[in-house]
Structures are given as structure tokens and as C-alpha cells.
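Encoded as C-alpha cells, the structure appears first; notes follow it.
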Amino acid sequence: MSVLSIVSFLLITGFIALFSALKTRTKKVQTTNGLFFADHNNNFFIVGGALLLSNISANQFIGENESIYTNNMSVIAWGVSSVFAMLLVAEFFLPIYFRTGAMTIPDYLGKRYDNSTKKLVSIVFLCSYIVNLLPAVLYGGAVALTGMFNFLLPLQLTYWQNIWIMVWVIGLTGCAYSVLGGLRAISISDTILSVGLLTIGIAFPYFGFKFLGNGDWSKGFHILLSQNTEHLNAIGGAHDEIPLSTIFTGMFIMNLYYWGMEQFIVQQALSAKSLSHSQKGMGLACLGKLLCPFIINIPGLIGVHLYKNLENTAEVFPLVVKDTLPAIMIGLTAAVVLGAAISTFNAGLNSSSTLFVLNLYKPWLEKRNKEVTEKHLVYTGRKFEIIVSALAMFSAPFIMFSKAGFYTYLQQLGGMFCLPIFTIILVGFVSKKVPPQAAKIGMIFFIFSYIIFNYILNIQLHYLHMLAILFVFTTICMLAVSKFYPNYHYTEIKLESVKLSPWKNRYWYFGALLIGMISIFVLFSKWGIA
């Protein structure tokens, strides 16, 4: 543990916090619109950086590199193939949200179906964040920082005790950030972190390959390309962690849900000043996703050559960083990892508060004819964030005992919450004749079916294929229920005051992104470097 690395980490982290504080000091958060949506005033650069950093947390640094170390590059399919889903979201989903004036995904479902559907989906979202998203983000960040620094080594604490303390450090910092600064502060810090992430992506291959080649960069690069080449393959087979076929079934559905319907992601997109800026921001985030295999995943490939039979494979990323990078770069990497963890944690925390305050608490007050003031709602939102943070911090360390790999654990548990919401939104987009009753029955049907088929019955089928099958069955269930309500028809309510001019030259840029997506799969295959 170098003093210089710790100093650089503290200086960079402090600079990001100070810069965000200075940029937001003149704008006191006094309304729910400011706390949850940055007053809808973010430009495309801020939106793109926020979307990317809200997506990239320590979970990717830890989980993806662990998967590459134990399996191969097939795990990058999650990020690279998501570009296609993101472009569909930019083209079709974002205009609907702006046009209808939806503030949250459940808010849209309240307009499309009814208020009880809105409440049900809000509760499902909250359960997903409290049980899955927030604890996992804290755990991933704790593993990364403990492995890189092990700040608490002089105290002779166990690894388990280290994880507990680091979880609480990240959780308390993130909670304070979100409560005091709101979405605007989160978005600004994300933009700075994007620059730091790009810097690491440029610098790490040089230092990593140089270490691997005993001081010779080109030799290290040659070793990576000529030895253990099976780990370079991103075209997953039937027995790999991510088979190629899943890209076209459950993975596509999960990506389309995540980028177009996940509350804390959509909330970043809706903070844009116009539809055009929102679409440009999504396009910028797509470019970032295509760069991720070169920014995030090189440590896992280098770890394959440096370490044999690691007892805790989740430690491969922090070990490679600690062993290969100079002290200043270790500090920068730790700052970005911490910032990415806090960023995703904050985004989830902010969205949890948004869902609770706007979709559950405020309607409850209005129903009882109680006075509803912006000041009281902001106060309640901040208090709720503190409660949710505490729940996440208490549960996060126990993820260490998961039998599945960390990344697989995240995606498998997340599917139970996201797919039923995806199904009722997509069916609602496509058909105007599906009534609220069908949405509620469809959600309940999916969740119970998913639990039975994934956790009770021993069915030998990849969970992503299972998701796709259950999606089809749930859709059929909803359409069947609709037959009992032949007179139902939904009429979309449009807002005339919203700027709905789309990004004019988007199709050229979208085409280039799709070519880039295909090229990366070819590069990491038997036709490329594998």
C-alpha cells in the first residue's frame, strides 16, 4: 500500500466532490423536480456521461473481470450487444416518455393502465433496488477498494470485516452525496468520472502489458495474444457462462428493459433539456459501451497470465491494478471505481426516493386531503434515501456467500424483477386494447413462474433462455385476459409544451455504432485475435 497512491486517490476524490459542490452551490434543491430530475436542464454531454457512469459501477470492474478470468470474454456481450437496444430506446421509447410527460416508468404505466398498476410496479421497483441493485453496488465497490488498498491492514481485520467497513464507507458517502446534491450533483460528478475512466482505458493496457512482459510492452502484448487465447473469445458456446444464442433471447430483452425502462437509467435520460439532447446523450453512452471491453476488461485477461487458481476469483481486478499500475494510476483507478460505485448507488437511491415520494407517498397524502408542499416532499425523499441506504449497507456483505459468480448472481436475480415490468410496458406500447387487469395478472404470473422454474425446479436451461420463454408465456397470458374486456381501448394523452424535435443526423451515427458493435464481436473471436 503506497502513500502516493492513497494521496492521489484522496486528492482526485476530493476534487470531484469539490467541483460538484461548486457547480451546484447556487442551485439549492428545494423542489422534487430539482432533486429528482435536475430541473430537466442537462445537456447531451452530461446526460451521456451520467447514463454511462450510472451503468458502469464496481460490479462491472469486479464481476466482468472475474468472469473473463474463470471463463472467457463472452461476458462482454452484455455491454456490447446493449448498443442495439440503446438505439431502439433512443428512437422509439424516449419520444413516448417525452410526449406523454411521464416522470417515472410507473408514472407512464399509471397513464397507460391505472393507478393501482402504477403502485404495484413502484413496489416491484423498490424491492429490486433494495434487494438487488443497491447492495450489489456496495459489495462490488467494497471488494475492489479492499483489494487495491486494504486500508485496514494495520488493524489486522479479517477480509469479512474489511468488506463490512468499506460497504459502510461507500454507502454513507453516497447517501450524503445524493441527499445533499440531488441528481444535478450526481450528473456533474459522472461527467468528470467519464474523463477519468477514459484516461484509465488509455493508460492501463500500456502498464499492464509492460508488467506482463517484464518491462517490454510489446512482449507483454504478444503473450496476451499467443497464450491462453481461449480467454479472448467473446463468442460463447453452449457451456460458457454467456452462450452466443442468449444475445438473441433473454439478453436482448434484459438490455432493452434496462436502457429503456429501468427507472434510474430513464431518469437520467429524462433530465435532458429536450428530446434531441436525450437522444444524443444515449448515443454518446453507446460509444462508451463499445469502448468498455478495452477500458474495463483488460485486467481480467492479464490476470489469467499472472495468477493461477485464485481462491477468491472476485479479487482478480484489484490484484492486477495493485500489481501492475504505478502509484498515481492506482489512486486514479481507485477514485474512478469508488466514484462509479457511488454514482450507481446514488442513481438507484435517487430513483428509489422518486418512486416512493411521487408514486406512493404523495398520492397517499392527496387521498387523505392532507397538505402537500414541495418542502415536505423533498424532506421525506431525503429521509427515505437514508432508510434505504441503511438497509442496503446491512445486507450487502452477505453477497460474498453467493454460490454463483458475482455477475451471474446479479443478472439472474435482476431478471425476476425487470422482466415482468418489461412485458407489461412493451405490450402496452404495442397494443391499445390490453386493460389494467391484464397487466396486474401478467406481473404476478411472471414472478411466480420465474421463482418456480429458476429456484425450485431443476430445469437444465440457461436462465436467459428461460426469461425469453416466460416473456412469451406472460404476453400470451395478458392477451388472453384482454379477451374478457373487449370494450377497453387506451387513448394516449400528449403534451403540447414539450420540445419533441428529434436529433436530425442520428441515423448516420446509429449506423456507425452498429458497425462498431459487430466489429468488436469479430475482433474477439476465432476470426480475430482468439
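In the C-alpha cells, each chain is lettered A, B, ... as it comes, each chain's residues begin at 1, and ligands are numbered from 1 in order of appearance.
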Give me the residues near A:Leu284 as a PDB file with all heavy atoms, in the first residue's frame, where near means some atom within 7 Å (using only C-alpha atoms) and where sequence neighbours in that chain fewer than 4 positions away do not count.
ATOM      1  N   GLY A  48     -25.122  11.896 -21.388  1.00  0.00           N
ATOM      2  CA  GLY A  48     -24.352  10.735 -21.833  1.00  0.00           C
ATOM      3  C   GLY A  48     -23.405  10.222 -20.764  1.00  0.00           C
ATOM      4  O   GLY A  48     -23.316   9.015 -20.524  1.00  0.00           O
ATOM      5  N   LYS A 280     -29.044  12.303 -28.168  1.00  0.00           N
ATOM      6  CA  LYS A 280     -27.598  12.462 -28.323  1.00  0.00           C
ATOM      7  C   LYS A 280     -26.857  11.878 -27.117  1.00  0.00           C
ATOM      8  O   LYS A 280     -25.802  11.246 -27.269  1.00  0.00           O
ATOM      9  CB  LYS A 280     -27.245  13.941 -28.471  1.00  0.00           C
ATOM     10  CG  LYS A 280     -27.632  14.556 -29.803  1.00  0.00           C
ATOM     11  CD  LYS A 280     -27.265  16.036 -29.837  1.00  0.00           C
ATOM     12  CE  LYS A 280     -27.702  16.697 -31.129  1.00  0.00           C
ATOM     13  NZ  LYS A 280     -27.384  18.142 -31.136  1.00  0.00           N
ATOM     14  N   GLY A 288     -19.462   4.898 -25.436  1.00  0.00           N
ATOM     15  CA  GLY A 288     -18.779   4.467 -24.226  1.00  0.00           C
ATOM     16  C   GLY A 288     -18.877   2.967 -24.011  1.00  0.00           C
ATOM     17  O   GLY A 288     -17.900   2.312 -23.605  1.00  0.00           O
TER      18      GLY A 288
END
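By chain and then residue number, the residues within 8 Å of A:Ile520 are Val80, Leu290, Gly516 and Phe524 of chain A, counting only C-alpha atoms and disregarding those fewer than 4 positions away in sequence.
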Just-selected residues, all heavy atoms written as an mmCIF file, in the first residue's frame:
data_model
loop_
_atom_site.group_PDB
_atom_site.id
_atom_site.type_symbol
_atom_site.label_atom_id
_atom_site.label_comp_id
_atom_site.auth_asym_id
_atom_site.auth_seq_id
_atom_site.Cartn_x
_atom_site.Cartn_y
_atom_site.Cartn_z
ATOM 1 N N VAL A 80 -21.675 -4.898 -25.024
ATOM 2 C CA VAL A 80 -21.533 -4.595 -26.450
ATOM 3 C C VAL A 80 -22.863 -4.735 -27.178
ATOM 4 O O VAL A 80 -23.261 -3.862 -27.959
ATOM 5 C CB VAL A 80 -20.459 -5.506 -27.078
ATOM 6 C CG1 VAL A 80 -20.389 -5.281 -28.591
ATOM 7 C CG2 VAL A 80 -19.102 -5.229 -26.452
ATOM 8 N N LEU A 290 -19.107 0.679 -26.298
ATOM 9 C CA LEU A 290 -18.236 -0.015 -27.245
ATOM 10 C C LEU A 290 -16.771 0.049 -26.820
ATOM 11 O O LEU A 290 -15.975 -0.824 -27.179
ATOM 12 C CB LEU A 290 -18.393 0.599 -28.643
ATOM 13 C CG LEU A 290 -19.743 0.379 -29.331
ATOM 14 C CD1 LEU A 290 -19.739 0.991 -30.733
ATOM 15 C CD2 LEU A 290 -20.095 -1.109 -29.412
ATOM 16 N N GLY A 516 -19.630 -0.756 -35.419
ATOM 17 C CA GLY A 516 -18.655 -0.918 -34.345
ATOM 18 C C GLY A 516 -18.994 -2.090 -33.441
ATOM 19 O O GLY A 516 -18.103 -2.840 -33.010
ATOM 20 N N PHE A 524 -12.924 -10.183 -31.148
ATOM 21 C CA PHE A 524 -12.744 -11.165 -30.075
ATOM 22 C C PHE A 524 -13.429 -12.487 -30.452
ATOM 23 O O PHE A 524 -14.391 -12.924 -29.820
ATOM 24 C CB PHE A 524 -13.311 -10.628 -28.765
ATOM 25 C CG PHE A 524 -12.549 -9.462 -28.206
ATOM 26 C CD1 PHE A 524 -13.030 -8.169 -28.351
ATOM 27 C CD2 PHE A 524 -11.339 -9.642 -27.561
ATOM 28 C CE1 PHE A 524 -12.336 -7.082 -27.843
ATOM 29 C CE2 PHE A 524 -10.620 -8.568 -27.052
ATOM 30 C CZ PHE A 524 -11.115 -7.283 -27.201
#
Residues near A:Pro435, anyone? I mean within 12 Å using only C-alpha atoms, not counting same-chain ones fewer than 6 positions away, as a PyMOL selection string. chain A and resi 109-114+117+424-425+427-428+441-442+478-491
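Neighbours of A:Val472 closer than or equal to 12 Å, with only C-alpha atoms counted and sequence neighbours fewer than 5 positions away skipped, come out as Thr249, Gly250, Ile253, Leu419, Pro420, Phe422, Thr423, Ile424, Leu426, Val427, Gly442, Phe445, Phe446, His465, Met466, Leu467, Cys477, Met478 and Leu479 of chain A.
By only C-alpha atoms, and with residues fewer than 4 positions from stretch 255-262 of chain A along its chain excluded, the set lying at most 9 Å from it is Leu51, Trp78, Gly79, Ser81, Ser82, Val83, Phe84, Ala85, Met86, Leu88, Val89, Ala90, Phe93, Leu94, Ile105, Phe125, Gly250, Met251, Val266, Gln267, Cys418, Leu419, Ile421, Phe422, Thr423 and Ile425 of chain A.
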Restrict the selected residues to N, CA, C and O atoms and save them as a compact mmCIF listing (two decimals), in the first residue's frame.
# COMPACT_ATOMS: atom_id res chain seq x y z
N LEU A 51 -25.49 8.59 -17.97
CA LEU A 51 -26.01 7.28 -18.37
C LEU A 51 -24.91 6.23 -18.30
O LEU A 51 -25.12 5.12 -17.79
N TRP A 78 -22.93 -8.61 -22.77
CA TRP A 78 -23.90 -7.79 -22.05
C TRP A 78 -23.78 -6.32 -22.46
O TRP A 78 -24.77 -5.66 -22.76
N GLY A 79 -22.56 -5.81 -22.45
CA GLY A 79 -22.37 -4.39 -22.75
C GLY A 79 -22.37 -4.08 -24.23
O GLY A 79 -23.00 -3.11 -24.67
N SER A 81 -23.60 -5.82 -26.91
CA SER A 81 -24.88 -6.01 -27.61
C SER A 81 -25.94 -5.03 -27.13
O SER A 81 -26.96 -4.85 -27.80
N SER A 82 -25.71 -4.40 -25.97
CA SER A 82 -26.70 -3.44 -25.46
C SER A 82 -26.82 -2.22 -26.37
O SER A 82 -27.81 -1.50 -26.31
N VAL A 83 -25.82 -1.98 -27.22
CA VAL A 83 -25.86 -0.82 -28.12
C VAL A 83 -27.09 -0.86 -29.00
O VAL A 83 -27.77 0.16 -29.21
N PHE A 84 -27.42 -2.04 -29.54
CA PHE A 84 -28.60 -2.16 -30.39
C PHE A 84 -29.86 -1.81 -29.62
O PHE A 84 -30.73 -1.06 -30.10
N ALA A 85 -29.97 -2.31 -28.38
CA ALA A 85 -31.13 -2.00 -27.55
C ALA A 85 -31.19 -0.51 -27.23
O ALA A 85 -32.26 0.10 -27.23
N MET A 86 -30.04 0.10 -26.96
CA MET A 86 -30.00 1.52 -26.62
C MET A 86 -30.47 2.39 -27.78
O MET A 86 -31.16 3.41 -27.59
N LEU A 88 -32.59 1.46 -30.11
CA LEU A 88 -34.05 1.30 -30.19
C LEU A 88 -34.75 2.18 -29.15
O LEU A 88 -35.80 2.77 -29.43
N VAL A 89 -34.16 2.26 -27.96
CA VAL A 89 -34.72 3.11 -26.91
C VAL A 89 -34.71 4.57 -27.35
O VAL A 89 -35.71 5.29 -27.19
N ALA A 90 -33.57 5.01 -27.91
CA ALA A 90 -33.46 6.40 -28.35
C ALA A 90 -34.47 6.73 -29.44
O ALA A 90 -35.04 7.83 -29.46
N PHE A 93 -38.55 4.66 -27.63
CA PHE A 93 -39.04 4.79 -26.26
C PHE A 93 -39.00 6.23 -25.76
O PHE A 93 -39.97 6.72 -25.18
N LEU A 94 -37.85 6.90 -25.95
CA LEU A 94 -37.71 8.26 -25.42
C LEU A 94 -38.77 9.22 -25.95
O LEU A 94 -39.31 10.02 -25.17
N ILE A 105 -41.19 5.56 -14.74
CA ILE A 105 -41.77 4.45 -15.51
C ILE A 105 -43.14 4.06 -14.94
O ILE A 105 -44.10 3.89 -15.70
N PHE A 125 -40.26 -2.18 -8.29
CA PHE A 125 -39.01 -1.44 -8.49
C PHE A 125 -38.25 -1.26 -7.17
O PHE A 125 -37.04 -1.49 -7.08
N GLY A 250 -33.00 -13.87 -24.04
CA GLY A 250 -33.17 -13.15 -22.78
C GLY A 250 -32.27 -11.95 -22.62
O GLY A 250 -32.67 -10.95 -22.02
N MET A 251 -31.04 -11.99 -23.19
CA MET A 251 -30.14 -10.85 -23.04
C MET A 251 -30.67 -9.62 -23.76
O MET A 251 -30.60 -8.50 -23.23
N VAL A 266 -33.62 5.63 -17.03
CA VAL A 266 -34.56 6.50 -17.73
C VAL A 266 -34.59 7.89 -17.08
O VAL A 266 -34.72 8.91 -17.77
N GLN A 267 -34.44 7.93 -15.77
CA GLN A 267 -34.46 9.21 -15.06
C GLN A 267 -33.31 10.11 -15.52
O GLN A 267 -33.46 11.33 -15.61
N CYS A 418 -37.18 -7.33 -13.35
CA CYS A 418 -37.28 -6.46 -14.51
C CYS A 418 -38.16 -6.99 -15.63
O CYS A 418 -38.84 -6.22 -16.31
N LEU A 419 -38.16 -8.31 -15.85
CA LEU A 419 -38.90 -8.85 -16.99
C LEU A 419 -40.42 -8.66 -16.91
O LEU A 419 -41.06 -8.38 -17.93
N ILE A 421 -41.99 -6.17 -15.59
CA ILE A 421 -42.22 -4.75 -15.92
C ILE A 421 -42.01 -4.53 -17.40
O ILE A 421 -42.80 -3.84 -18.06
N PHE A 422 -40.94 -5.13 -17.95
CA PHE A 422 -40.69 -5.02 -19.39
C PHE A 422 -41.88 -5.52 -20.20
O PHE A 422 -42.31 -4.88 -21.17
N THR A 423 -42.43 -6.65 -19.78
CA THR A 423 -43.52 -7.25 -20.54
C THR A 423 -44.76 -6.37 -20.58
O THR A 423 -45.33 -6.13 -21.66
N ILE A 425 -44.96 -3.16 -20.09
CA ILE A 425 -44.71 -1.91 -20.82
C ILE A 425 -44.72 -2.17 -22.31
O ILE A 425 -45.36 -1.43 -23.08
Under the rule that only C-alpha atoms are counted, which of A:Leu270, A:Ile296, A:Cys286, A:Leu349 is the nearest residue to A:Pro205? A:Ile296
A:Gly147, A:Pro318, A:Gly331, A:Gly174: which is nearest A:Asn162, counting only C-alpha atoms? A:Gly147
Give me the residues within 7 Å of stretch 298-300 of chain A as a PyMOL selection string, counting only C-alpha atoms and dropping any in the same chain fewer than 3 places off. chain A and resi 65-66+68-69+205+294-295+303-304+316-317+320
Selected residues written out with N, CA and C atoms, as an mmCIF file, in the first residue's frame:
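So result.cif came out as:
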data_model
loop_
_atom_site.group_PDB
_atom_site.id
_atom_site.type_symbol
_atom_site.label_atom_id
_atom_site.label_comp_id
_atom_site.auth_asym_id
_atom_site.auth_seq_id
_atom_site.Cartn_x
_atom_site.Cartn_y
_atom_site.Cartn_z
ATOM 1 N N ASN A 65 -14.461 -8.945 -14.958
ATOM 2 C CA ASN A 65 -13.089 -9.458 -14.955
ATOM 3 C C ASN A 65 -13.000 -10.822 -14.282
ATOM 4 N N GLU A 66 -13.823 -11.058 -13.293
ATOM 5 C CA GLU A 66 -13.892 -12.389 -12.683
ATOM 6 C C GLU A 66 -14.360 -13.413 -13.709
ATOM 7 N N ILE A 68 -14.129 -13.235 -17.002
ATOM 8 C CA ILE A 68 -13.083 -13.427 -18.014
ATOM 9 C C ILE A 68 -11.976 -14.332 -17.468
ATOM 10 N N TYR A 69 -11.648 -14.150 -16.214
ATOM 11 C CA TYR A 69 -10.597 -14.964 -15.578
ATOM 12 C C TYR A 69 -11.021 -16.429 -15.479
ATOM 13 N N PRO A 205 -3.652 -0.515 -20.595
ATOM 14 C CA PRO A 205 -3.003 -1.508 -21.463
ATOM 15 C C PRO A 205 -1.483 -1.345 -21.515
ATOM 16 N N PHE A 294 -12.192 -2.487 -23.839
ATOM 17 C CA PHE A 294 -10.795 -2.063 -23.820
ATOM 18 C C PHE A 294 -10.460 -1.263 -22.566
ATOM 19 N N ILE A 295 -11.492 -0.721 -21.911
ATOM 20 C CA ILE A 295 -11.275 0.084 -20.708
ATOM 21 C C ILE A 295 -11.391 -0.755 -19.439
ATOM 22 N N GLY A 303 -4.848 -10.924 -15.786
ATOM 23 C CA GLY A 303 -4.901 -11.765 -14.600
ATOM 24 C C GLY A 303 -4.795 -13.246 -14.913
ATOM 25 N N VAL A 304 -5.295 -13.650 -16.076
ATOM 26 C CA VAL A 304 -5.194 -15.052 -16.500
ATOM 27 C C VAL A 304 -3.735 -15.495 -16.552
ATOM 28 N N VAL A 316 -9.599 -10.626 -8.746
ATOM 29 C CA VAL A 316 -8.641 -10.540 -9.854
ATOM 30 C C VAL A 316 -8.431 -9.100 -10.312
ATOM 31 N N PHE A 317 -9.487 -8.299 -10.404
ATOM 32 C CA PHE A 317 -9.325 -6.913 -10.861
ATOM 33 C C PHE A 317 -8.468 -6.083 -9.904
ATOM 34 N N VAL A 320 -4.721 -7.153 -10.048
ATOM 35 C CA VAL A 320 -3.997 -6.733 -11.256
ATOM 36 C C VAL A 320 -3.670 -5.243 -11.185
#
